[in-house]
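Visitor: Pasting in a structure now, in structure tokens, and then I'll have a few things to ask.
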Protein chains: 4
Amino acid sequence: MGEGDKRAPVDYGGYLQLDRLLDCQKPLAESVGRPAHDEMLFIVVHQAYELWFKQILYELDELERLFGEDPVDDRSMGPADRLLGRINEILRVAVQHLDILETMTPLDFLEFRDVLYPASGFQSVQFRMIETRLGLKRGDRMTYDSQPYDARLTDDDRGRMREIDQKPSLSELIERWLERTPFMETGGWTFTEAFRSAVNEALDRDIAYLRDDSSLDADHRDREAARLTAAKGRFDALFDADAHAAAQGEGQWRWSMRALQAALFINLYRDEPVLHLPFRCLSRLMDLDEALTNWRYRHALMVQRMIGLKIGTGGSSGSDYLKMTAEKHRIFKDLFALSTFLVPRSSLPVLPESLRASMGFHYSPDSRRKG
Amino acid sequence: MGEGDKRAPVDYGGYLQLDRLLDCQKPLAESVGRPAHDEMLFIVVHQAYELWFKQILYELDELERLFGEDPVDDRSMGPADRLLGRINEILRVAVQHLDILETMTPLDFLEFRDVLYPASGFQSVQFRMIETRLGLKRGDRMTYDSQPYDARLTDDDRGRMREIDQKPSLSELIERWLERTPFMETGGWTFTEAFRSAVNEALDRDIAYLRDDSSLDADHRDREAARLTAAKGRFDALFDADAHAAAQGEGQWRWSMRALQAALFINLYRDEPVLHLPFRCLSRLMDLDEALTNWRYRHALMVQRMIGLKIGTGGSSGSDYLKMTAEKHRIFKDLFALSTFLVPRSSLPVLPESLRASMGFHYSPDSRRKG
Amino acid sequence: MGEGDKRAPVDYGGYLQLDRLLDCQKPLAESVGRPAHDEMLFIVVHQAYELWFKQILYELDELERLFGEDPVDDRSMGPADRLLGRINEILRVAVQHLDILETMTPLDFLEFRDVLYPASGFQSVQFRMIETRLGLKRGDRMTYDSQPYDARLTDDDRGRMREIDQKPSLSELIERWLERTPFMETGGWTFTEAFRSAVNEALDRDIAYLRDDSSLDADHRDREAARLTAAKGRFDALFDADAHAAAQGEGQWRWSMRALQAALFINLYRDEPVLHLPFRCLSRLMDLDEALTNWRYRHALMVQRMIGLKIGTGGSSGSDYLKMTAEKHRIFKDLFALSTFLVPRSSLPVLPESLRASMGFHYSPDSRRKG
Amino acid sequence: MGEGDKRAPVDYGGYLQLDRLLDCQKPLAESVGRPAHDEMLFIVVHQAYELWFKQILYELDELERLFGEDPVDDRSMGPADRLLGRINEILRVAVQHLDILETMTPLDFLEFRDVLYPASGFQSVQFRMIETRLGLKRGDRMTYDSQPYDARLTDDDRGRMREIDQKPSLSELIERWLERTPFMETGGWTFTEAFRSAVNEALDRDIAYLRDDSSLDADHRDREAARLTAAKGRFDALFDADAHAAAQGEGQWRWSMRALQAALFINLYRDEPVLHLPFRCLSRLMDLDEALTNWRYRHALMVQRMIGLKIGTGGSSGSDYLKMTAEKHRIFKDLFALSTFLVPRSSLPVLPESLRASMGFHYSPDSRRKG
């Protein structure tokens, strides 16, 4: 605050720029002489979404900064955890905006649907940016009517997307951070070796269950056995560089072998103090992936409800495309797949004592005991 | 759109005016050289609120139009019901914005709290407008630090509020609509008389319960009996013009005797086709009142969490004032109080058959029977 | 309660049978000597689900009773609407039980997963009953590992399901009620004829949009045009008995031609008083279908998170089967498809005045005007 | 699994004891010959609550075990954080059960309200146990109609409550754990001294704001100034044994001076790795307190809606008592009051470097840097 602190007193409306903010709602149907009551709701819901998108992008800036350091500061893990939690809370509330939007009936939407043409939610560049910055790169996206996803963006927006596409995504930053996880080899003990035998045992147990299950017919047993044998193969791909490279090539994994191993390690030994926050962050990323996926699916159902089998205003083939993206556009699916390879704590290799000590805090815990 | 329609094709960003909308977030702490990460969240949450407030005001326009007609068109009741439902859905989601805001910790808020001074949520004129247009007139409001509630509004805003204060509120329009309810006297049958004896019986039964309750000591019984006797007195005030006027004068009722009687009638005979939608609308108004009240209370708790016993940025004495408004600023409390006077269906006076017929649809229901 | 009423005084715990209710949680892992903390949560969440299922079945009893009458009493529509609303509210909350369950991590689940084998949520006979009574009959269900869906039920439960399968479902009762909708032909005016031309016009307009959309390549245009032409064919199947029978045979429609036409009529003229509640009920059925579908999808994601690619405890192939049921097991999808055939109000055939009058209330609305 | 593993295969219904669980719903109105449709909902909602209460008590067992150790194992903080999070998630969903219950209208409740008499939610001993085990001891509770809160419990339940009342509550265990917090004095640096001057400065700044606020009249300024001076006095009570004892005697604080200081320390330096989980746990306790408080308030509003001014079935004076408990029965209010004494990070005393190092992890962070 400068000279003599002459700053004008702040008022609520000025601070939030309400004059401008509340002047951005311009129903189009009215402007072409066919006012449609519910268009205002349509605008406000989508603007609320865009405000949240801006906030999410803002938090992604900070997350990229925190995970972009090498090494990541231990003091950053608390803030990182909180910001991921915030994004998830925003998504939890944002998905409910669809409940508000569904108070508009299909017939009411029809009153102004055609004046919107060819505008489309596909053109929300902020949402595309969120996806890309999380990790959904150009090559990961479904084409849409045999055109790239960004065909309908403005030239400017397409340019911005290309730029973002070149930068490391949060998924990539997390991958690199995971790859640097210490503790996995120490004084002769190697996590990967200790763990491999434990998992193979667990998968074998699942196969044995099947074999003894008299309620299944032979066909079923054979099919399941084949599936589990495939799982074993996939598990092996976690520990063999060539096998992993092959599996990654087929789209089975996004992350490097080292990163996947570290994520497993963190999940399995999460109660060691040094791993607690890394574990929480990985859980939050699963929450985030699940929230986005559910949102896409709900959105697809809403579109189906609103327009049935008609084309969307952006020319999309109704809700089918959206439903497919729910599954195809997942970003942290690796973390879900890793659950396949967890083992019960009882089967978990015991950490060497010296390793375990190094995963605790520096201060002497005895100082916490009452005198 | 035929030839000659040269309207430029609509695009999503232009339609939603995103260039302007997303340019309204100007953290103040940064502008005075003390950037505070969470101020953006603070701004976005409040802007999202203001968007929803605009939408609620927009729906109030339409509700005032529908209930402002004399008589209210039966065809308007469906839309009125839907719009009230929409407002409630907005409030249900909006209260959860506090969950998002609470991902900001008190310490983070402290980073920019003082730059906001003296701006305050008290200055949200849209929220004040919602309250007033629903029915919370100037005289109904708590003073705040012995000043009128609008002391901190800008002159312009204060002027707008005075104007709105003069207009009939939704509560008043509903009151008049209730007063016009037909059916309550017909061919010698009078609802009020038939009902009075039924209720007096029910209150007497409650008093009898008390008298027989050996688990209560004499003191307790006396106090409760006194309370129920008071309830009987209040009930009488529903049917005696002088008594009602006195009770209204003491703030026990907002609505006229006739309106209260009609609301009772609608609640009691809600399954007659002609009353179904009026009943739903009254229920929605209770939902609305409950939602606003819960919101105020949750808001008060959040403020307490953020600032403890400190003064708010607008100078308010922490959260206590807010907690008091939760109860004192209720608008449709009459509807809650009416529950006191309901009676079980078994005690309900039977409607004369001719009256009942006139409350059904015009077409012959026999036409619905399969040939 | 007079003298002689020797009923013991009711107490809360006795009334709710809490002694028994709270004695039904028996973790199995503990009983085999391997206590697993989170099994209690697993049990409680599933028991809470089963309580809600019982409530939903209880409400379905009443809904079947109301819609099972011929004709359905106009006075029943209010209660029917409320009960459907209640079921939807239960589903809205129940889906969030998954948020609670997901506070259990995959590793915690692993501690007791194998002792549950081969028990499976597939065996929730109450959930199967809800599905069947809503309208998902045996023949509509996906087989599961080439076995019928009920292969894993107990013999008793399988018997109960077969019985229920024979009874009219809510979907069928609604279908018959729709078929009896009056008003659709009257004094020379026929809804179907008036409407057919209106819709064909709207579909033609969509085709025209496509043709003029220079941003699409020829291939895309052709594909979309083919899809819309198919939509026109499907629309025709709404009005031609043979065409409808063929489309129904291919699984495109569940309901009869007459029921579909009536549902359209109700959607289009919903603001006529007599149609308001039928419209609300149809909307509630869409909400119900959407809620169930979202639940199935979320459930599938949770299973994937918990077990990755492993087999479920009931032997299912992970979450893929569940994801498929989300779409394949929909019950009121006809109502979503009908949105395809709505037209803007401006294109809607005007109802003859005499018809419109018969759709209002019996009393003279003039009595509502203030004297 | 014993001899030859002869355990019968588990099935879903048997595992969940559904035969018994689903046989506990016995509507009373029906049994006295006056069936009331909505009584089933009333029973199911309350039983669902009791299931969740059982789960919360089960998690409290574990939390008491974890925080009952001396010292608390650093490895316990992850699980403690997760269990507190789980309880909060349960409360978040449980409060929404009221939305389900409110699909019952006051008139429907009236159909069976009197057969419940004198049973009352006051008699939910599980809920009382949760309150007491969290920290709401007998002496903290409001009397109810000048009788102790447990007057209406059965003798058995009253006995159980007395026993629980004697045991250390979670609040007390947390208090003792806080008191043992190390780091607060080290090598000549003392947190309390360093901090005191910082806070006094902040409170003085607030007082200065007031003085310069020309929009306030003199009276207002005087009152606020008095309030802030009182806050300073209260703050002093955080550092002076006698003053704290006096303030505690007046009910201003529940926790000891040492515990309050430690809670402040944790909030202020939360980003140091060793404090991150303690900080999260304290935040979760605030969430828990807020959730319980909101629940009580919402419950009070629902009761008011259902019965107006009538007595509750347990004889309580409507909803007023419930509303008062919302504020009076708060357990972790100390944590909210502490927000008063936070200071901006910029005013925060800097931790000595050696102290800061001891608050990190034991391993060398350099090992995280990529080779």
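Letters A, B, ... mark the chains of the structure tokens in the order given; residue numbers begin at 1 per chain; ligand numbers begin at 1, in order shown.
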Might you pull out every residue within 6 Å of segment 167-169 of chain C, with only C-alpha atoms counted and same-chain residues fewer than 2 positions away left off, and present them as a ChimeraX atom specification?

Guide: /C:133-135,164-165,171-172

Visitor: Give me a file of those residues, with N, CA and C atoms, as a JSON list (two decimals), in the first residue's frame.

Guide:
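The new file again-v6.json reads:
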```json
[["chain", "number", "residue", "atom", "x", "y", "z"],
["C", 133, "ARG", "N", -39.00, -56.12, -10.43],
["C", 133, "ARG", "CA", -40.30, -55.49, -10.23],
["C", 133, "ARG", "C", -40.40, -54.16, -10.95],
["C", 134, "LEU", "N", -39.30, -53.49, -11.14],
["C", 134, "LEU", "CA", -39.35, -52.28, -11.96],
["C", 134, "LEU", "C", -39.59, -52.65, -13.42],
["C", 135, "GLY", "N", -39.02, -53.77, -13.85],
["C", 135, "GLY", "CA", -39.29, -54.15, -15.23],
["C", 135, "GLY", "C", -38.18, -54.92, -15.93],
["C", 164, "ILE", "N", -41.78, -63.67, -9.04],
["C", 164, "ILE", "CA", -41.87, -62.23, -9.31],
["C", 164, "ILE", "C", -41.82, -61.95, -10.80],
["C", 165, "ASP", "N", -41.02, -62.75, -11.46],
["C", 165, "ASP", "CA", -40.86, -62.58, -12.90],
["C", 165, "ASP", "C", -42.20, -62.71, -13.64],
["C", 171, "SER", "N", -43.08, -51.22, -14.82],
["C", 171, "SER", "CA", -43.00, -50.77, -16.20],
["C", 171, "SER", "C", -44.24, -51.20, -16.98],
["C", 172, "GLU", "N", -44.68, -52.43, -16.76],
["C", 172, "GLU", "CA", -45.87, -52.90, -17.48],
["C", 172, "GLU", "C", -47.14, -52.20, -17.01]]
```

Visitor: Tell me, as a ChimeraX atom specification, which residues lie within 9 Å of Leu301 of chain D, counting only C-alpha atoms; anything in the same chain fewer than 5 positions away does not count.

Guide: /B:290,293-294 /D:296,306,319,322-323

Visitor: Among segment 78-249 of chain A, which ones does DSSP place in strand (DSSP E or B), written as a list in words?

Guide: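 Put together, the selection reads Tyr144, Gln147, Glu185, Thr186, Trp189 and Thr190 of chain A.
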
Visitor: Pull out every residue of chain B that has at least one atom within 8 Å of chain A, counting only C-alpha atoms, and report them as an MDAnalysis selection string.

Guide: chainID B and resid 9:13 15:18 20:22 24:26 28 32 40:41 43:44 46:48 50:52 54:55 82 85:86 89:90 93 96:97 99:100 103 116:121 123:124

Visitor: Excluding same-chain residues fewer than 2 positions from segment 191-204 of chain D, what lies within 8 Å of it counting only C-alpha atoms, as a list in words?

Guide: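 Within the cut-off, the hits are Met184, Glu185, Trp189, Asp206, Ile207, Ala208, Leu228, Lys232, Phe239, Gln261, Phe265, Phe341, Leu342, Val343, Ser347, Leu348 and Pro349 of chain D.
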
Visitor: Those residues you just picked out, can you put them in a file as a PDB file, in the first residue's frame with C-alpha atoms?

Guide:
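Below you can see selection37.pdb, which holds the result:
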```
ATOM      1  CA  MET D 184       8.120 -26.293  21.619  1.00  0.00           C
ATOM      2  CA  GLU D 185      11.191 -25.473  23.648  1.00  0.00           C
ATOM      3  CA  TRP D 189      14.119 -20.911  21.775  1.00  0.00           C
ATOM      4  CA  ASP D 206      -7.416  -5.198  14.664  1.00  0.00           C
ATOM      5  CA  ILE D 207      -8.026  -2.582  17.323  1.00  0.00           C
ATOM      6  CA  ALA D 208      -6.371   0.009  15.151  1.00  0.00           C
ATOM      7  CA  LEU D 228     -11.023  -7.058  21.449  1.00  0.00           C
ATOM      8  CA  LYS D 232      -6.381  -9.968  24.457  1.00  0.00           C
ATOM      9  CA  PHE D 239       0.202 -18.304  28.633  1.00  0.00           C
ATOM     10  CA  GLN D 261      -0.384 -24.047  23.043  1.00  0.00           C
ATOM     11  CA  PHE D 265       2.006 -24.642  17.351  1.00  0.00           C
ATOM     12  CA  PHE D 341      -4.935 -16.325  17.834  1.00  0.00           C
ATOM     13  CA  LEU D 342      -3.442 -17.307  14.512  1.00  0.00           C
ATOM     14  CA  VAL D 343      -1.147 -14.811  12.835  1.00  0.00           C
ATOM     15  CA  SER D 347       4.394 -12.457  11.271  1.00  0.00           C
ATOM     16  CA  LEU D 348       5.240 -15.977  12.317  1.00  0.00           C
ATOM     17  CA  PRO D 349       8.390 -16.464  14.403  1.00  0.00           C
TER      18      PRO D 349
END
```

Visitor: Excluding same-chain residues fewer than 4 positions from Arg162 of chain D, what lies within 12 Å of it counting only C-alpha atoms, as a VMD selection string?

Guide: chain D and resid 125 128 to 129 132 to 133 137 to 139 149 to 150 153 155 to 158 166 to 167

Visitor: Can you measure atom CA of Leu282 of chain A to atom CA of Leu264 of chain A for me? One decimal in Å is fine.

Guide: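 The value is 10.3 Å.
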
Visitor: Please compute the atom CA of Cys281 of chain A-atom CA of Gly249 of chain A distance, one decimal, in Å.

Guide: 26.8 Å

Visitor: Can you work out which one of C:Pro344, C:Tyr363, C:Ile130, C:Glu353 has the shortest atom-to-atom distance to Arg113 of chain A, counting only C-alpha atoms?

Guide: C:Pro344

Visitor: Within 9 Å of Leu335 of chain C, counting only C-alpha atoms, which residues show up once you throw out same-chain ones fewer than 6 positions away? Write them as a list in words, please.

Guide: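 So, after excluding close chain neighbours, the residues are Arg305 and Gly308 of chain A; Leu260, Ala263, Leu264, Leu282, Ser283, Leu285 and Met286 of chain C.
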
Visitor: Keeping only N, CA, C and O atoms, write those residues as a PDB file, in the first residue's frame.

Guide:
```pdb
ATOM      1  N   ARG A 305     -30.817 -37.813 -22.211  1.00  0.00           N
ATOM      2  CA  ARG A 305     -32.135 -37.427 -21.724  1.00  0.00           C
ATOM      3  C   ARG A 305     -32.650 -36.193 -22.454  1.00  0.00           C
ATOM      4  O   ARG A 305     -33.832 -36.093 -22.775  1.00  0.00           O
ATOM      5  N   GLY A 308     -32.199 -37.275 -26.701  1.00  0.00           N
ATOM      6  CA  GLY A 308     -32.493 -38.593 -27.250  1.00  0.00           C
ATOM      7  C   GLY A 308     -31.440 -38.995 -28.255  1.00  0.00           C
ATOM      8  O   GLY A 308     -30.252 -38.986 -27.959  1.00  0.00           O
TER       9      GLY A 308
ATOM     10  N   LEU C 260     -46.309 -45.415 -26.000  1.00  0.00           N
ATOM     11  CA  LEU C 260     -45.293 -44.445 -26.401  1.00  0.00           C
ATOM     12  C   LEU C 260     -45.938 -43.146 -26.872  1.00  0.00           C
ATOM     13  O   LEU C 260     -45.488 -42.050 -26.532  1.00  0.00           O
ATOM     14  N   ALA C 263     -47.140 -41.258 -23.878  1.00  0.00           N
ATOM     15  CA  ALA C 263     -46.031 -40.629 -23.143  1.00  0.00           C
ATOM     16  C   ALA C 263     -45.596 -39.355 -23.843  1.00  0.00           C
ATOM     17  O   ALA C 263     -45.298 -38.334 -23.210  1.00  0.00           O
ATOM     18  N   LEU C 264     -45.552 -39.398 -25.163  1.00  0.00           N
ATOM     19  CA  LEU C 264     -45.225 -38.196 -25.928  1.00  0.00           C
ATOM     20  C   LEU C 264     -46.250 -37.100 -25.682  1.00  0.00           C
ATOM     21  O   LEU C 264     -45.902 -35.942 -25.417  1.00  0.00           O
ATOM     22  N   LEU C 282     -43.648 -39.442 -15.054  1.00  0.00           N
ATOM     23  CA  LEU C 282     -42.733 -39.904 -16.116  1.00  0.00           C
ATOM     24  C   LEU C 282     -41.331 -39.341 -15.890  1.00  0.00           C
ATOM     25  O   LEU C 282     -40.331 -40.033 -16.090  1.00  0.00           O
ATOM     26  N   SER C 283     -41.259 -38.090 -15.456  1.00  0.00           N
ATOM     27  CA  SER C 283     -39.942 -37.501 -15.176  1.00  0.00           C
ATOM     28  C   SER C 283     -39.242 -38.245 -14.044  1.00  0.00           C
ATOM     29  O   SER C 283     -38.040 -38.506 -14.092  1.00  0.00           O
ATOM     30  N   LEU C 285     -39.612 -41.304 -13.284  1.00  0.00           N
ATOM     31  CA  LEU C 285     -39.136 -42.609 -13.767  1.00  0.00           C
ATOM     32  C   LEU C 285     -37.814 -42.448 -14.518  1.00  0.00           C
ATOM     33  O   LEU C 285     -36.941 -43.312 -14.446  1.00  0.00           O
ATOM     34  N   MET C 286     -37.675 -41.343 -15.244  1.00  0.00           N
ATOM     35  CA  MET C 286     -36.390 -41.081 -15.896  1.00  0.00           C
ATOM     36  C   MET C 286     -35.301 -40.844 -14.846  1.00  0.00           C
ATOM     37  O   MET C 286     -34.187 -41.340 -14.969  1.00  0.00           O
TER      38      MET C 286
END
```

Visitor: Using only C-alpha atoms, which of D:Ile266, D:Ala231, D:Ile307, D:Leu288 sits nearest Met359 of chain D?

Guide: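 Under the stated criterion, the closest residue is D:Ile266.
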
Visitor: With distances taken over only C-alpha atoms, which residue among A:Leu173, A:Leu178, A:Leu238, A:Glu131 lies nearest Thr340 of chain A?

Guide: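 Going through A:Leu173, A:Leu178, A:Leu238, A:Glu131 one by one, the smallest distance to Thr340 of chain A is for A:Leu238.
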
Visitor: Tell me, which residues of segment 66-163 of chain A carry DSSP alpha helix (DSSP H), written as a VMD selection string?

Guide: chain A and resid 66 to 67 77 to 95 97 to 101 106 to 116 125 to 134 155 to 163

Visitor: If you measure from atom CA of Ser354 of chain A to atom CA of Gly188 of chain A, what distance in Å do you get, rounded to one decimal?

Guide: 11.7 Å

Visitor: For Arg75 of chain B, list every protein, DNA or RNA residue within 10 Å, evaluated using only C-alpha atoms, and leave out those in the same chain fewer than 4 positions away; present the list as a list in words.

Guide: Leu66, Pro79 and Ala80 of chain B; Arg270, Asp271, Glu272, Pro273, Val274, His276 and Gly360 of chain C
